[in-house]
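Notes follow once the structure below has been shown.
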Amino acid sequence: MILSKISFINFKNYDQAELEVSPFVNCFLGKNGMGKTNLLDGVYYLSNCKSFFNSIDTQNIKNEEDFFVIQGEFDSKQNKENIYCGVKRGKKKIFKKGKKEYEKLSDHIGLINTVLISPMDTNLIYEGSETRRKFIDLIISQYDKVYLQNLIQYNKVLAHRNAYLKSIQQGARYDDLSLQIWDEQLISLGNKIYTQRIGFIEEFQTEFNEIYATLSGGNESCELTYKSQLQEKEFDQLLKESIVKEKYIGYTTKGIHKDDFVFEIQEKPLKKFGSQGQQKTFLIALKLAQFKHIESKTESKPILLLDDIYDKLDEERIAHLMNQICEGTYGQVFITDTNTERLPAYFKQKKYECFSFEVEKGTVLSN
């Protein structure tokens with residue numbers, strides 16, 4: 001999918017904006033705080049049904065307005081797709097393909113794939129396991145509908161099981177049969193997700209290692225490891241052993257919702273022992289591996305969104321990435337930069353098509 005047009009009404013700091021964009025490179029240029037990143041987030045919204053930066057939809061509405069709207073026109077080999085996203089205070093979020101509203105937002109996931117590289121990616125290193133699970137789940141969900149539905153159903157069953165355990169904690173009568181109903185569903189769904197994650201990480205590790213070696217010059221080793229309680233014991237055995245404790249604390253302590261993905265460099269935790277440069281390189285490699293993995297599974301390039309990339313890499317690694325962009329490796333690209341001349345001059349010198357948009361205080365001034 002290639003984005004050809006995008007428009008905003010009352011989105012973040014934009015009253016209204018409409019852009020026709022290049023299928024190659026698009027640069028959003030201007031000082032910090034002007035709204036460059038918000039334009040990238042609008043593209044991300046149309047792909048993932050949510051903001052990359054703020055998961056509370058109504059907080060993305062401009063000031064005291066009542067709603068926001070994002071619309072995009074996408075071109076594929078087969079046809080054009082018009083995507084509409086509307087959020088109104090006190091109402092449910094509306095997503096439409098053409099004139100037809102989606103019954104479930106999950107039905108939209110995978111139609112338009114994006115990969116966003118942002119300074120906020122450091123959350124993958126410094127925050128808890130949930131952040132890393134969500135990252136992995138998003139990648140797999142963009143090409144595997146079965147995985148996404150299993151994950152959604154697992155979380156629903158987990159919520160029911162936790163509610164039942166909470167009632168026991170608060171004095172309700174314990175019924176082994178009632179718990180067994182939730183356990184059977186949790187085990188079945190959890191084992192499927194666990195198997196799918198194992199298959200994913202085996203492929204993804206290879207893609208990640210190749211990209212990291214290129215970016216780092218092959219001077220250091222890194223590891224991306226999957227950790228799960230199901231590697232130790234069968235899921236049903238884990239639940240049986242933990243039930244006494246769970247009745248006391250009121251929630252489920254065992255399962256694939258506790259999985260983690262461990263980042264290491266030179267066989268040591270990246271969080272503690274990785275330099276700032278090594279961490280940045282690790283995260284860039286992680287996101288570019290996401291791009292390559294999705295491309296291999298869907299036979300289509302995602303849209304690549306690069307936010308403040310010059311803050312993340314040194315000149316040598318920037319040059320390597322930019323050369324790949326000019327070779328068409330990453331298809332349609334959107335980049336932000338505080339320097340209004342650097343990117344246009346670079347792509348002009350390379351004779352590679354680039355649309356440049358100057359952004360100031362929520363207004364797109366020039367193309």
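All residue names refer to the structure tokens as shown: chains lettered A, B, ... in order, residues numbered from 1 in each chain, ligands numbered from 1 in order.
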
Find the nearest atom pair between each residue of segment 63-178 of chain A and segment 233-248 of chain A for residues within 12 Å, count only C-alpha atoms, give distances in Å to one decimal, sort rows by chain and ascending number, and present the table as CSV.
```
residue,atom,partner,partner_atom,distance
A:Arg161,CA,A:Glu246,CA,10.4
A:Asn162,CA,A:Glu246,CA,8.9
A:Ala163,CA,A:Lys247,CA,10.9
A:Tyr164,CA,A:Lys247,CA,9.1
A:Leu165,CA,A:Lys247,CA,5.5
A:Lys166,CA,A:Lys247,CA,7.5
A:Ser167,CA,A:Lys247,CA,8.9
A:Ile168,CA,A:Lys247,CA,6.1
A:Gln169,CA,A:Tyr248,CA,5.6
A:Gln170,CA,A:Tyr248,CA,9.1
A:Gly171,CA,A:Lys247,CA,10.0
A:Ala172,CA,A:Lys247,CA,10.5
A:Arg173,CA,A:Lys247,CA,10.9
A:Tyr174,CA,A:Lys247,CA,8.7
A:Asp175,CA,A:Lys247,CA,11.3
A:Asp176,CA,A:Ile243,CA,10.4
```

Quick one: everything within 10 Å of segment 146-148 of chain A, counting only C-alpha atoms, minus sequence neighbours fewer than 3 positions away in the same chain. Send it as a list in words.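 With the cut-off at 10 Å, the set is Ser106, Asp107, Ile109, Asp137, Leu138, Ile140, Ser141, Gln142, Tyr143, Leu151, Ile152, Gln153, Tyr154, Leu189, Lys192, Ile193, Gln196 and Arg197 of chain A.
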
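The residue set within 10 Å of Gln229 of chain A, counting only C-alpha atoms and dropping same-chain residues fewer than 6 places from it, reads Tyr194, Phe235, Leu238, Lys254, Gly255, Ile256, His257, Lys258, Asp259 and Asp260 of chain A.
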
Test item, alpha helix (DSSP H) assignment across segment 136-251 of chain A, answer as a ChimeraX atom specification: /A:136-141,145-169,176-216,235-249

Taking only residues of segment 126-214 of chain A that have an atom at most 12 Å from an atom of segment 293-298 of chain A, what is each one's shortest atom pair and its distance in Å to one decimal, using only C-alpha atoms, in chain and number order, as JSON lines?
```
{"residue": "A:Ile136", "atom": "CA", "partner": "A:His293", "partner_atom": "CA", "distance": 11.3}
{"residue": "A:Leu138", "atom": "CA", "partner": "A:Ile294", "partner_atom": "CA", "distance": 10.5}
{"residue": "A:Ile139", "atom": "CA", "partner": "A:Ile294", "partner_atom": "CA", "distance": 7.1}
{"residue": "A:Ile140", "atom": "CA", "partner": "A:Ile294", "partner_atom": "CA", "distance": 8.1}
{"residue": "A:Ser141", "atom": "CA", "partner": "A:Ile294", "partner_atom": "CA", "distance": 9.9}
{"residue": "A:Gln142", "atom": "CA", "partner": "A:Ile294", "partner_atom": "CA", "distance": 7.3}
{"residue": "A:Tyr143", "atom": "CA", "partner": "A:Thr298", "partner_atom": "CA", "distance": 6.4}
{"residue": "A:Asp144", "atom": "CA", "partner": "A:Lys297", "partner_atom": "CA", "distance": 9.0}
{"residue": "A:Phe200", "atom": "CA", "partner": "A:His293", "partner_atom": "CA", "distance": 9.3}
{"residue": "A:Ile201", "atom": "CA", "partner": "A:His293", "partner_atom": "CA", "distance": 10.6}
{"residue": "A:Glu202", "atom": "CA", "partner": "A:His293", "partner_atom": "CA", "distance": 11.5}
{"residue": "A:Glu203", "atom": "CA", "partner": "A:His293", "partner_atom": "CA", "distance": 8.1}
{"residue": "A:Phe204", "atom": "CA", "partner": "A:His293", "partner_atom": "CA", "distance": 6.7}
{"residue": "A:Gln205", "atom": "CA", "partner": "A:His293", "partner_atom": "CA", "distance": 10.1}
{"residue": "A:Thr206", "atom": "CA", "partner": "A:His293", "partner_atom": "CA", "distance": 10.0}
{"residue": "A:Glu207", "atom": "CA", "partner": "A:His293", "partner_atom": "CA", "distance": 7.2}
{"residue": "A:Phe208", "atom": "CA", "partner": "A:His293", "partner_atom": "CA", "distance": 9.2}
{"residue": "A:Ile211", "atom": "CA", "partner": "A:His293", "partner_atom": "CA", "distance": 11.6}
```

Pick from A:Leu19, A:Leu365, A:Ile61, A:Cys27: nearest to Ala345 of chain A, with only C-alpha atoms counted? A:Cys27
